[in-house]
Amino acid sequence: AGHIVGTHRMGTSAVNSAVNDMQQSWDHENLFLVGSGTFPTVATANPTLTIAALCLRSADHILRRVLN
């Protein structure tokens, strides 16, 4: 068994990643790649709670942008 993760790295700049810490694309301001894709690798632990926390954080960020 394994976890499907990876495809776009989260990082501190467009030079080293595809998305920022809010899972927002560096190239397209209104594109959020929310989910397990931001993990380039995963250890043996189940990533579900970390994925949920990151998704809730990104959703909160998106709502704050819309409401302001």
# chains A, B, ... in the order shown; residues from 1 in each chain; ligands from 1
$ residues_around --residues "stretch 53-56 of chain A" --least-positions-apart "2" --cutoff "10 Å" --atoms "only C-alpha atoms" --output "list in words"
Asp21, Met22, Gln23, Phe32, Leu33, Val34, Gly35, Ser36, Thr38, Thr48, Leu49, Thr50, Ile51, Ser58, Ala59, Asp60, His61 and Ile62 of chain A
$ select_by_dssp --residues "chain A" --states "strand (DSSP E or B)" --output "MDAnalysis selection string"
chainID A and resid 10 19 24:25 32
$ atom_distance --atom1 "atom CA of A:Thr44" --atom2 "atom CA of A:His3"
9.1 Å
$ closest_residue --among "A:Thr41, A:Ser17, A:Gln24, A:Asn30" --to "A:Arg57" --atoms "only C-alpha atoms"
A:Gln24
$ select_by_dssp --residues "chain A" --states "helix (DSSP H, G or I)" --output "short mmCIF file (atom, residue, chain, number, x, y, z; two decimals) with N, CA and C atoms, in the first residue's frame"
data_model
loop_
_atom_site.label_atom_id
_atom_site.label_comp_id
_atom_site.auth_asym_id
_atom_site.auth_seq_id
_atom_site.Cartn_x
_atom_site.Cartn_y
_atom_site.Cartn_z
N SER A 36 -2.47 16.58 -1.83
CA SER A 36 -1.24 15.87 -1.50
C SER A 36 -0.13 16.08 -2.53
N GLY A 37 -0.42 16.77 -3.60
CA GLY A 37 0.59 17.01 -4.62
C GLY A 37 1.76 17.84 -4.16
N THR A 38 1.58 18.60 -3.08
CA THR A 38 2.66 19.47 -2.60
C THR A 38 3.75 18.71 -1.86
N THR A 48 -2.64 11.93 5.86
CA THR A 48 -4.00 12.46 5.78
C THR A 48 -4.22 13.69 6.65
N LEU A 49 -3.81 13.67 7.89
CA LEU A 49 -4.04 14.82 8.78
C LEU A 49 -3.25 16.05 8.34
N THR A 50 -2.04 15.84 7.86
CA THR A 50 -1.25 16.97 7.36
C THR A 50 -1.90 17.56 6.11
N ILE A 51 -2.37 16.71 5.21
CA ILE A 51 -3.06 17.18 4.01
C ILE A 51 -4.31 17.96 4.39
N ALA A 52 -5.09 17.44 5.34
CA ALA A 52 -6.31 18.13 5.78
C ALA A 52 -5.97 19.49 6.38
N ALA A 53 -4.94 19.56 7.20
CA ALA A 53 -4.55 20.83 7.82
C ALA A 53 -4.11 21.85 6.77
N LEU A 54 -3.31 21.42 5.80
CA LEU A 54 -2.88 22.33 4.74
C LEU A 54 -4.06 22.81 3.89
N CYS A 55 -4.99 21.91 3.59
CA CYS A 55 -6.16 22.28 2.80
C CYS A 55 -7.05 23.27 3.54
N LEU A 56 -7.28 23.05 4.83
CA LEU A 56 -8.08 23.99 5.62
C LEU A 56 -7.39 25.34 5.70
N ARG A 57 -6.08 25.34 5.83
CA ARG A 57 -5.32 26.60 5.88
C ARG A 57 -5.45 27.35 4.55
N SER A 58 -5.32 26.64 3.45
CA SER A 58 -5.46 27.27 2.13
C SER A 58 -6.88 27.79 1.92
N ALA A 59 -7.88 27.01 2.33
CA ALA A 59 -9.28 27.45 2.18
C ALA A 59 -9.53 28.72 2.99
N ASP A 60 -9.00 28.79 4.19
CA ASP A 60 -9.15 29.99 5.01
C ASP A 60 -8.50 31.19 4.33
N HIS A 61 -7.33 30.99 3.75
CA HIS A 61 -6.63 32.05 3.03
C HIS A 61 -7.46 32.54 1.83
N ILE A 62 -8.03 31.61 1.09
CA ILE A 62 -8.85 31.97 -0.07
C ILE A 62 -10.09 32.76 0.37
N LEU A 63 -10.75 32.30 1.42
CA LEU A 63 -11.93 33.02 1.93
C LEU A 63 -11.58 34.43 2.39
N ARG A 64 -10.47 34.59 3.06
CA ARG A 64 -10.04 35.92 3.51
C ARG A 64 -9.79 36.85 2.32
N ARG A 65 -9.23 36.30 1.25
CA ARG A 65 -8.99 37.11 0.04
C ARG A 65 -10.30 37.54 -0.59
N VAL A 66 -11.27 36.66 -0.63
CA VAL A 66 -12.55 36.95 -1.26
C VAL A 66 -13.36 37.97 -0.45
N LEU A 67 -13.31 37.82 0.86
CA LEU A 67 -14.12 38.68 1.74
C LEU A 67 -13.52 40.06 1.96
#
$ residues_around --residues "A:His28" --least-positions-apart "6" --cutoff "12 Å" --atoms "only C-alpha atoms" --output "ChimeraX atom specification"
/A:14,18-20
$ residues_around --residues "A:Val42" --least-positions-apart "5" --cutoff "9 Å" --atoms "only C-alpha atoms" --output "list in words"
His3, Val5, Gly6 and Pro47 of chain A
